[in-house]
>>> print(open('coords_13.txt').read())   # compact mmCIF, C-alpha atoms
# COMPACT_ATOMS: atom_id res chain seq x y z
CA MET A 1241 47.12 73.48 63.96
CA ASN A 1242 48.01 69.93 62.96
CA PHE A 1243 47.78 67.36 65.76
CA GLU A 1244 49.37 63.91 65.97
CA ASN A 1245 47.41 62.45 68.86
CA ILE A 1246 43.97 64.04 68.70
CA ILE A 1247 41.28 64.86 66.16
CA VAL A 1248 39.42 68.16 66.43
CA SER A 1249 36.23 69.02 64.57
CA THR A 1250 33.45 71.60 64.84
CA GLU A 1251 29.89 71.42 63.62
CA ASN A 1252 26.81 73.49 64.43
CA GLY A 1253 28.43 75.15 67.41
CA ILE A 1254 29.74 71.90 68.93
CA GLY A 1255 33.47 71.29 69.14
CA GLN A 1256 34.54 67.66 69.38
CA ILE A 1257 37.95 66.49 70.54
CA THR A 1258 38.79 62.82 70.00
CA ILE A 1259 41.91 61.34 71.57
CA ASN A 1260 43.35 59.29 68.73
CA ARG A 1261 45.82 56.74 70.11
CA PRO A 1262 43.73 53.54 69.87
CA SER A 1263 46.76 51.24 69.75
CA LYS A 1264 47.70 52.63 73.19
CA LEU A 1265 44.05 52.64 74.36
CA ASN A 1266 44.28 56.44 74.05
CA ALA A 1267 46.74 56.69 76.95
CA LEU A 1268 47.78 60.19 77.91
CA ASN A 1269 51.38 61.16 77.32
CA VAL A 1270 52.99 64.58 77.66
CA SER A 1271 52.56 65.33 73.96
CA THR A 1272 48.86 64.48 74.04
CA ILE A 1273 48.29 66.65 77.11
CA GLN A 1274 49.96 69.56 75.33
CA GLU A 1275 47.85 69.04 72.21
CA LEU A 1276 44.68 68.83 74.28
CA HIS A 1277 45.56 72.12 75.96
CA TYR A 1278 45.91 73.86 72.60
CA ALA A 1279 42.69 72.31 71.30
CA PHE A 1280 40.62 73.31 74.33
CA GLN A 1281 42.12 76.79 74.33
CA SER A 1282 41.36 77.29 70.64
CA LEU A 1283 37.78 76.05 70.91
CA ASP A 1284 37.12 78.11 74.05
CA GLU A 1285 38.37 81.27 72.33
CA ASN A 1286 36.18 80.64 69.27
CA HIS A 1287 32.88 82.43 69.88
CA GLU A 1288 31.16 80.06 67.45
CA THR A 1289 31.87 77.11 69.76
CA LYS A 1290 29.13 76.80 72.38
CA VAL A 1291 29.85 73.32 73.80
CA ILE A 1292 32.90 71.01 73.72
CA ILE A 1293 32.68 67.21 73.74
CA ILE A 1294 35.72 65.05 74.45
CA THR A 1295 35.86 61.32 73.74
CA GLY A 1296 38.27 58.56 72.75
CA GLU A 1297 38.83 56.89 69.39
CA GLY A 1298 37.60 53.31 69.01
CA GLU A 1299 35.23 51.19 71.05
CA LYS A 1300 37.56 50.08 73.86
CA ALA A 1301 38.68 53.18 75.69
CA PHE A 1302 38.05 56.81 76.49
CA VAL A 1303 41.53 57.02 78.02
CA ALA A 1304 42.95 53.92 79.68
CA GLY A 1305 45.44 55.87 81.79
CA ALA A 1306 48.70 57.74 81.56
CA ASP A 1307 51.67 56.54 79.51
CA ILE A 1308 53.64 54.91 82.33
CA SER A 1309 56.75 54.44 80.21
CA GLU A 1310 57.28 58.21 80.22
CA PHE A 1311 57.69 58.57 83.98
CA ALA A 1312 58.71 55.17 85.35
CA HIS A 1313 62.22 56.44 86.15
CA PHE A 1314 61.36 59.97 87.32
CA SER A 1315 62.85 61.48 90.48
CA VAL A 1316 60.77 63.02 93.29
CA GLU A 1317 61.17 66.47 91.78
CA GLU A 1318 60.35 65.29 88.27
CA GLY A 1319 57.22 63.51 89.51
CA ALA A 1320 55.94 66.61 91.28
CA GLN A 1321 56.65 68.72 88.21
CA LEU A 1322 54.79 66.24 85.99
CA ALA A 1323 51.68 66.50 88.16
CA GLN A 1324 51.84 70.29 88.45
CA GLN A 1325 52.30 70.88 84.74
CA GLY A 1326 49.56 68.43 83.83
CA GLN A 1327 47.08 69.99 86.22
CA GLU A 1328 47.85 73.52 85.04
CA LEU A 1329 47.93 72.71 81.32
CA LEU A 1330 44.89 70.47 81.12
CA PHE A 1331 42.89 69.33 84.12
CA ASP A 1332 42.44 72.61 86.00
CA PHE A 1333 42.35 74.37 82.65
CA ILE A 1334 39.32 72.35 81.49
CA GLU A 1335 37.50 72.75 84.79
CA ASN A 1336 37.75 76.54 84.56
CA LEU A 1337 36.82 77.00 80.89
CA LYS A 1338 33.83 79.25 80.26
CA THR A 1339 32.66 76.86 77.52
CA PRO A 1340 30.83 73.78 78.85
CA VAL A 1341 32.83 70.56 78.44
CA ILE A 1342 31.10 67.15 78.37
CA ALA A 1343 33.05 63.89 78.61
CA ALA A 1344 31.62 61.12 76.42
CA VAL A 1345 33.18 58.14 78.19
CA ASN A 1346 33.28 55.32 75.64
CA GLY A 1347 34.98 52.41 77.41
CA PHE A 1348 37.85 52.35 79.88
CA ALA A 1349 38.48 55.57 81.81
CA LEU A 1350 41.29 54.68 84.18
CA GLY A 1351 43.85 56.73 86.07
CA GLY A 1352 44.56 59.88 84.10
CA GLY A 1353 41.61 59.02 81.88
CA LEU A 1354 39.12 59.18 84.74
CA GLU A 1355 40.87 62.31 86.01
CA LEU A 1356 40.37 63.85 82.58
CA ALA A 1357 36.68 62.93 82.59
CA MET A 1358 36.26 64.33 86.11
CA ALA A 1359 37.84 67.64 85.09
CA CYS A 1360 35.03 68.06 82.55
CA HIS A 1361 31.85 69.80 83.67
CA PHE A 1362 29.89 66.54 83.56
CA ARG A 1363 30.06 63.04 82.12
CA VAL A 1364 27.97 60.62 80.05
CA ALA A 1365 29.10 56.98 79.80
CA SER A 1366 28.56 54.15 77.36
CA ASP A 1367 27.12 50.97 78.85
CA ASN A 1368 30.47 49.17 78.51
CA ALA A 1369 32.48 51.86 80.34
CA LYS A 1370 34.73 50.93 83.25
CA MET A 1371 36.16 53.56 85.59
CA GLY A 1372 38.80 53.58 88.30
CA LEU A 1373 41.97 55.08 89.74
CA PRO A 1374 44.46 52.19 89.94
CA GLU A 1375 47.54 54.29 90.72
CA VAL A 1376 48.28 52.78 94.16
CA SER A 1377 48.81 49.40 92.44
CA LEU A 1378 51.84 51.08 90.82
CA GLY A 1379 53.13 52.56 94.07
CA VAL A 1380 51.92 56.08 93.35
CA ILE A 1381 48.76 58.14 93.91
CA PRO A 1382 46.52 59.94 91.40
CA GLY A 1383 48.38 63.10 90.41
CA TYR A 1384 46.06 64.87 88.02
CA GLY A 1385 43.41 65.90 90.55
CA GLY A 1386 41.91 62.48 91.25
CA THR A 1387 42.24 62.63 95.04
CA GLN A 1388 40.35 65.94 95.02
CA ARG A 1389 37.67 65.60 92.36
CA LEU A 1390 36.60 62.01 93.06
CA PRO A 1391 35.54 62.77 96.69
CA GLN A 1392 33.71 65.88 95.47
CA LEU A 1393 31.71 63.76 93.03
CA VAL A 1394 31.09 60.50 94.92
CA GLY A 1395 31.80 61.31 98.57
CA LYS A 1396 34.83 60.72 100.76
CA GLY A 1397 34.12 57.11 101.74
CA ARG A 1398 33.52 55.81 98.22
CA ALA A 1399 36.54 57.74 96.93
CA MET A 1400 38.74 56.28 99.66
CA GLU A 1401 37.60 52.75 98.80
CA LEU A 1402 38.02 53.18 95.04
CA ILE A 1403 41.48 54.68 95.37
CA MET A 1404 42.76 52.29 98.05
CA THR A 1405 41.49 49.12 96.33
CA ALA A 1406 42.63 50.32 92.89
CA GLY A 1407 39.38 48.78 91.67
CA MET A 1408 37.10 49.48 88.73
CA ILE A 1409 33.39 50.19 88.68
CA ASP A 1410 31.00 49.74 85.78
CA ALA A 1411 28.90 52.45 84.18
CA GLU A 1412 25.71 51.77 86.15
CA THR A 1413 27.61 51.86 89.44
CA ALA A 1414 29.26 55.10 88.37
CA LYS A 1415 25.80 56.52 87.66
CA SER A 1416 24.48 55.44 91.05
CA TYR A 1417 27.51 57.12 92.68
CA GLY A 1418 26.90 60.39 90.79
CA LEU A 1419 30.14 60.06 88.86
CA VAL A 1420 28.31 60.08 85.51
CA ASN A 1421 24.94 61.65 84.70
CA HIS A 1422 23.68 59.15 82.13
CA VAL A 1423 24.48 55.68 80.76
CA VAL A 1424 23.56 54.87 77.14
CA LEU A 1425 24.44 52.32 74.49
CA GLN A 1426 27.87 52.94 73.00
CA SER A 1427 26.36 53.25 69.53
CA GLU A 1428 24.13 56.08 70.81
CA LEU A 1429 26.67 57.86 73.02
CA LEU A 1430 27.77 60.74 70.81
CA GLU A 1431 24.29 61.51 69.50
CA PHE A 1432 22.94 61.48 73.05
CA VAL A 1433 25.67 63.88 74.22
CA LYS A 1434 25.08 66.13 71.21
CA GLY A 1435 21.40 66.21 72.20
CA ILE A 1436 22.36 67.55 75.63
CA ALA A 1437 24.72 70.02 73.95
CA SER A 1438 21.88 71.32 71.77
CA LYS A 1439 19.82 72.04 74.90
CA ILE A 1440 22.73 73.93 76.44
CA MET A 1441 23.16 75.96 73.26
CA ARG A 1442 19.66 77.42 73.55
CA ASN A 1443 20.79 79.41 76.56
CA SER A 1444 23.05 82.41 77.14
CA PRO A 1445 26.77 81.56 76.75
CA VAL A 1446 27.66 84.47 79.03
CA ALA A 1447 25.34 83.27 81.78
CA ILE A 1448 26.61 79.69 81.44
CA GLY A 1449 30.22 80.86 81.78
CA GLN A 1450 29.35 82.83 84.94
CA ALA A 1451 27.44 79.83 86.33
CA ILE A 1452 30.50 77.59 85.83
CA LYS A 1453 32.63 80.07 87.80
CA ALA A 1454 30.09 80.28 90.61
CA ILE A 1455 29.67 76.50 90.90
CA ASN A 1456 33.43 75.93 90.90
CA ALA A 1457 33.88 78.56 93.61
CA ASN A 1458 32.10 76.30 96.10
CA TYR A 1459 35.01 73.86 95.84
CA ARG A 1460 37.80 76.39 96.37
CA ASP A 1461 39.42 76.55 99.78
CA GLY A 1462 38.97 79.97 101.35
CA VAL A 1463 36.45 81.11 98.73
CA ASP A 1464 32.87 82.01 99.63
CA GLY A 1465 30.81 80.52 96.80
CA PHE A 1466 27.75 82.55 97.77
CA LYS A 1467 29.69 85.80 97.36
CA THR A 1468 30.94 84.63 93.96
CA GLU A 1469 27.36 83.84 92.97
CA ILE A 1470 26.17 87.31 94.04
CA LYS A 1471 29.01 88.99 92.12
CA ASN A 1472 28.46 86.95 88.95
CA PHE A 1473 24.69 87.36 89.19
CA GLY A 1474 25.23 91.11 89.17
CA LYS A 1475 27.63 90.91 86.22
CA CYS A 1476 24.92 89.29 84.12
CA PHE A 1477 22.78 92.44 84.40
CA GLY A 1478 25.34 94.33 82.34
CA THR A 1479 25.22 91.95 79.37
CA GLU A 1480 23.34 92.07 76.09
CA ASP A 1481 22.23 88.50 76.71
CA PHE A 1482 20.41 89.58 79.88
CA LYS A 1483 18.59 92.35 78.04
CA GLU A 1484 17.68 89.95 75.24
CA GLY A 1485 16.63 87.14 77.56
CA THR A 1486 14.36 89.25 79.72
CA THR A 1487 12.91 91.15 76.75
CA ALA A 1488 12.19 87.91 74.90
CA PHE A 1489 10.47 86.49 77.99
CA LEU A 1490 8.26 89.55 78.37
CA GLU A 1491 7.49 89.57 74.65
CA LYS A 1492 6.76 85.82 74.73
CA ARG A 1493 9.28 84.95 72.02
CA LYS A 1494 12.42 82.84 71.76
CA ALA A 1495 15.58 84.63 72.85
CA GLN A 1496 18.40 85.11 70.34
CA PHE A 1497 21.55 85.17 72.44
CA THR A 1498 24.80 86.59 71.07
CA GLY A 1499 27.14 85.72 73.94
CA LYS A 1500 27.81 89.36 74.75
>>> encode(input="coords_13.txt", output="structure tokens")
Amino acid sequence: MNFENIIVSTENGIGQITINRPSKLNALNVSTIQELHYAFQSLDENHETKVIIITGEGEKAFVAGADISEFAHFSVEEGAQLAQQGQELLFDFIENLKTPVIAAVNGFALGGGLELAMACHFRVASDNAKMGLPEVSLGVIPGYGGTQRLPQLVGKGRAMELIMTAGMIDAETAKSYGLVNHVVLQSELLEFVKGIASKIMRNSPVAIGQAIKAINANYRDGVDGFKTEIKNFGKCFGTEDFKEGTTAFLEKRKAQFTGK
């Protein structure tokens, strides 16, 4: 599929999605969200893709926010629909993919950009990254999951302060909060993330997918995460990867996982 706003590439089992709107600081608009949905869906369905990395084009921004011009005159109903469609198409969709998704945050990640990064399974930031949810300065609240995922990642008090002040934090502060896992030089960001991806790829794709489901279950209202873990643990016993992994361990050799 040909995309206007993103670049998609695959190499050695790693899929990379680059948001390519540098003149707009890679701001998310409806078209870009739709393209990202298709790209993530395609990569997730490709059994050759073991890890997905998402980043922004250029040195200034991962995603500097949503495209405000698209919704400045929306009604109440249109605003609610915008948030619901965005969450279903992209943000919740990413969170629940069976393929691990890493956000390589290369610069500003504000508003919808930070929400996009938080929907990924974890985040690595460049040393010049700045993060925040400034929506209340526009008279609105985060609508793509920010009020839910930020407290999960940094705690309720810090999330309240960040959202209510509409402030930004730097990469090292984000790391100390637990919002990002690592901070590296911008010139080393993608290679560093690909190094993490290569470690992930040594392991069973089936088991990783089940682990993602079990971890996410802990954050679902009315869902017992322990029961989900027990169920998914049991499912692993019926896979070829389990047989290969345990056999390889007993035979003291490297496992060759097939993702089945």
>>> residues_near_point(input="coords_13.txt", point="(29.9, 70.7, 78.0)", cutoff="12 Å", atoms="all atoms listed in the file", output="ChimeraX atom specification")
/A:1253-1257,1280,1283-1284,1289-1295,1334-1344,1357,1359-1364,1433-1441,1445,1448-1449,1452
>>> write_last_selection(input="coords_13.txt", atoms="C-alpha atoms", output="compact mmCIF listing (two decimals), keeping the file's coordinate frame")
# COMPACT_ATOMS: atom_id res chain seq x y z
CA GLY A 1253 28.43 75.15 67.41
CA ILE A 1254 29.74 71.90 68.93
CA GLY A 1255 33.47 71.29 69.14
CA GLN A 1256 34.54 67.66 69.38
CA ILE A 1257 37.95 66.49 70.54
CA PHE A 1280 40.62 73.31 74.33
CA LEU A 1283 37.78 76.05 70.91
CA ASP A 1284 37.12 78.11 74.05
CA THR A 1289 31.87 77.11 69.76
CA LYS A 1290 29.13 76.80 72.38
CA VAL A 1291 29.85 73.32 73.80
CA ILE A 1292 32.90 71.01 73.72
CA ILE A 1293 32.68 67.21 73.74
CA ILE A 1294 35.72 65.05 74.45
CA THR A 1295 35.86 61.32 73.74
CA ILE A 1334 39.32 72.35 81.49
CA GLU A 1335 37.50 72.75 84.79
CA ASN A 1336 37.75 76.54 84.56
CA LEU A 1337 36.82 77.00 80.89
CA LYS A 1338 33.83 79.25 80.26
CA THR A 1339 32.66 76.86 77.52
CA PRO A 1340 30.83 73.78 78.85
CA VAL A 1341 32.83 70.56 78.44
CA ILE A 1342 31.10 67.15 78.37
CA ALA A 1343 33.05 63.89 78.61
CA ALA A 1344 31.62 61.12 76.42
CA ALA A 1357 36.68 62.93 82.59
CA ALA A 1359 37.84 67.64 85.09
CA CYS A 1360 35.03 68.06 82.55
CA HIS A 1361 31.85 69.80 83.67
CA PHE A 1362 29.89 66.54 83.56
CA ARG A 1363 30.06 63.04 82.12
CA VAL A 1364 27.97 60.62 80.05
CA VAL A 1433 25.67 63.88 74.22
CA LYS A 1434 25.08 66.13 71.21
CA GLY A 1435 21.40 66.21 72.20
CA ILE A 1436 22.36 67.55 75.63
CA ALA A 1437 24.72 70.02 73.95
CA SER A 1438 21.88 71.32 71.77
CA LYS A 1439 19.82 72.04 74.90
CA ILE A 1440 22.73 73.93 76.44
CA MET A 1441 23.16 75.96 73.26
CA PRO A 1445 26.77 81.56 76.75
CA ILE A 1448 26.61 79.69 81.44
CA GLY A 1449 30.22 80.86 81.78
CA ILE A 1452 30.50 77.59 85.83
>>> closest_residue(input="coords_13.txt", among="A:Met1358, A:Ile1273, A:Val1423, A:Ala1369", to="A:Glu1299", atoms="only C-alpha atoms")
A:Ala1369
>>> residues_around(input="coords_13.txt", residues="A:Glu1297", least_positions_apart="3", cutoff="7 Å", atoms="all atoms listed in the file", output="MDAnalysis selection string")
chainID A and resid 1258:1260 1262
>>> write_last_selection(input="coords_13.txt", atoms="C-alpha atoms", output="PDB file, in the coordinates of the input")
ATOM      1  CA  THR A1258      38.790  62.820  70.000  1.00  0.00           C
ATOM      2  CA  ILE A1259      41.910  61.340  71.570  1.00  0.00           C
ATOM      3  CA  ASN A1260      43.350  59.290  68.730  1.00  0.00           C
ATOM      4  CA  PRO A1262      43.730  53.540  69.870  1.00  0.00           C
TER       5      PRO A1262
END
>>> closest_residue(input="coords_13.txt", among="A:Gln1325, A:Gln1450, A:Asn1443, A:Asn1346", to="A:Glu1484", atoms="only C-alpha atoms")
A:Asn1443
>>> closest_residue(input="coords_13.txt", among="A:Glu1355, A:Asp1307, A:Glu1251, A:Glu1275", to="A:Leu1419", atoms="only C-alpha atoms")
A:Glu1355
>>> atom_distance(input="coords_13.txt", atom1="atom CA of A:Val1270", atom2="atom CA of A:Asn1368")
27.3 Å
>>> atom_distance(input="coords_13.txt", atom1="atom CA of A:Phe1473", atom2="atom CA of A:Lys1492")
23.1 Å
>>> closest_residue(input="coords_13.txt", among="A:Ala1406, A:Thr1498, A:Val1446, A:Ser1271", to="A:Ile1381", atoms="only C-alpha atoms")
A:Ala1406
>>> atom_distance(input="coords_13.txt", atom1="atom CA of A:Asn1245", atom2="atom CA of A:Ile1409")
27.2 Å
>>> residues_around(input="coords_13.txt", residues="A:Gly1499", least_positions_apart="4", cutoff="9 Å", atoms="only C-alpha atoms", output="ChimeraX atom specification")
/A:1287,1444-1447,1479-1481
>>> closest_residue(input="coords_13.txt", among="A:Gln1327, A:Thr1250, A:Gln1281, A:Gln1274", to="A:Gly1385", atoms="only C-alpha atoms")
A:Gln1327
>>> closest_residue(input="coords_13.txt", among="A:Asn1266, A:Gln1321, A:Thr1405, A:Ser1427", to="A:Gly1296", atoms="all atoms listed in the file")
A:Asn1266
>>> decode(input="coords_13.txt", residues="stretch 1426-1486 of chain A", atoms="C-alpha atoms", output="CSV table (one decimal), in the first residue's frame")
chain,number,residue,atom,x,y,z
A,1426,GLN,CA,19.7,11.0,19.2
A,1427,SER,CA,22.3,9.8,16.7
A,1428,GLU,CA,22.3,6.4,18.5
A,1429,LEU,CA,18.5,6.1,19.1
A,1430,LEU,CA,17.5,3.7,16.3
A,1431,GLU,CA,20.5,1.5,16.5
A,1432,PHE,CA,19.9,1.2,20.3
A,1433,VAL,CA,16.3,0.3,19.8
A,1434,LYS,CA,17.2,-2.2,17.1
A,1435,GLY,CA,19.6,-3.8,19.6
A,1436,ILE,CA,16.7,-4.3,22.1
A,1437,ALA,CA,14.6,-5.6,19.2
A,1438,SER,CA,17.2,-8.2,18.4
A,1439,LYS,CA,17.2,-9.5,22.0
A,1440,ILE,CA,13.4,-9.8,21.8
A,1441,MET,CA,13.6,-11.7,18.5
A,1442,ARG,CA,15.6,-14.5,20.2
A,1443,ASN,CA,12.6,-15.6,22.1
A,1444,SER,CA,9.3,-17.2,21.2
A,1445,PRO,CA,6.9,-14.9,19.3
A,1446,VAL,CA,3.9,-16.9,20.6
A,1447,ALA,CA,5.0,-16.6,24.2
A,1448,ILE,CA,5.6,-12.9,23.8
A,1449,GLY,CA,2.2,-12.4,22.4
A,1450,GLN,CA,0.6,-14.2,25.3
A,1451,ALA,CA,2.7,-12.2,27.8
A,1452,ILE,CA,1.5,-9.0,26.2
A,1453,LYS,CA,-2.1,-10.1,26.7
A,1454,ALA,CA,-1.5,-11.1,30.3
A,1455,ILE,CA,0.3,-7.9,31.2
A,1456,ASN,CA,-2.4,-5.8,29.7
A,1457,ALA,CA,-5.1,-7.7,31.5
A,1458,ASN,CA,-3.9,-6.2,34.8
A,1459,TYR,CA,-5.0,-2.8,33.6
A,1460,ARG,CA,-8.5,-3.9,32.5
A,1461,ASP,CA,-11.4,-3.0,34.8
A,1462,GLY,CA,-13.2,-6.2,36.0
A,1463,VAL,CA,-10.5,-8.5,34.6
A,1464,ASP,CA,-8.5,-10.8,36.9
A,1465,GLY,CA,-5.0,-10.5,35.5
A,1466,PHE,CA,-3.8,-13.6,37.4
A,1467,LYS,CA,-6.5,-15.7,35.8
A,1468,THR,CA,-5.5,-14.4,32.4
A,1469,GLU,CA,-1.9,-15.3,33.2
A,1470,ILE,CA,-2.9,-18.9,34.2
A,1471,LYS,CA,-5.0,-19.3,31.0
A,1472,ASN,CA,-2.2,-18.0,28.7
A,1473,PHE,CA,0.4,-20.0,30.6
A,1474,GLY,CA,-1.5,-23.1,29.8
A,1475,LYS,CA,-2.0,-22.1,26.2
A,1476,CYS,CA,1.8,-22.0,25.7
A,1477,PHE,CA,2.0,-25.7,26.5
A,1478,GLY,CA,0.1,-26.5,23.3
A,1479,THR,CA,2.6,-24.7,21.0
A,1480,GLU,CA,5.5,-25.9,18.9
A,1481,ASP,CA,7.6,-23.1,20.4
A,1482,PHE,CA,7.1,-24.6,23.9
A,1483,LYS,CA,8.2,-28.0,22.7
A,1484,GLU,CA,11.2,-26.5,20.9
A,1485,GLY,CA,12.2,-24.2,23.8
A,1486,THR,CA,12.1,-26.9,26.5
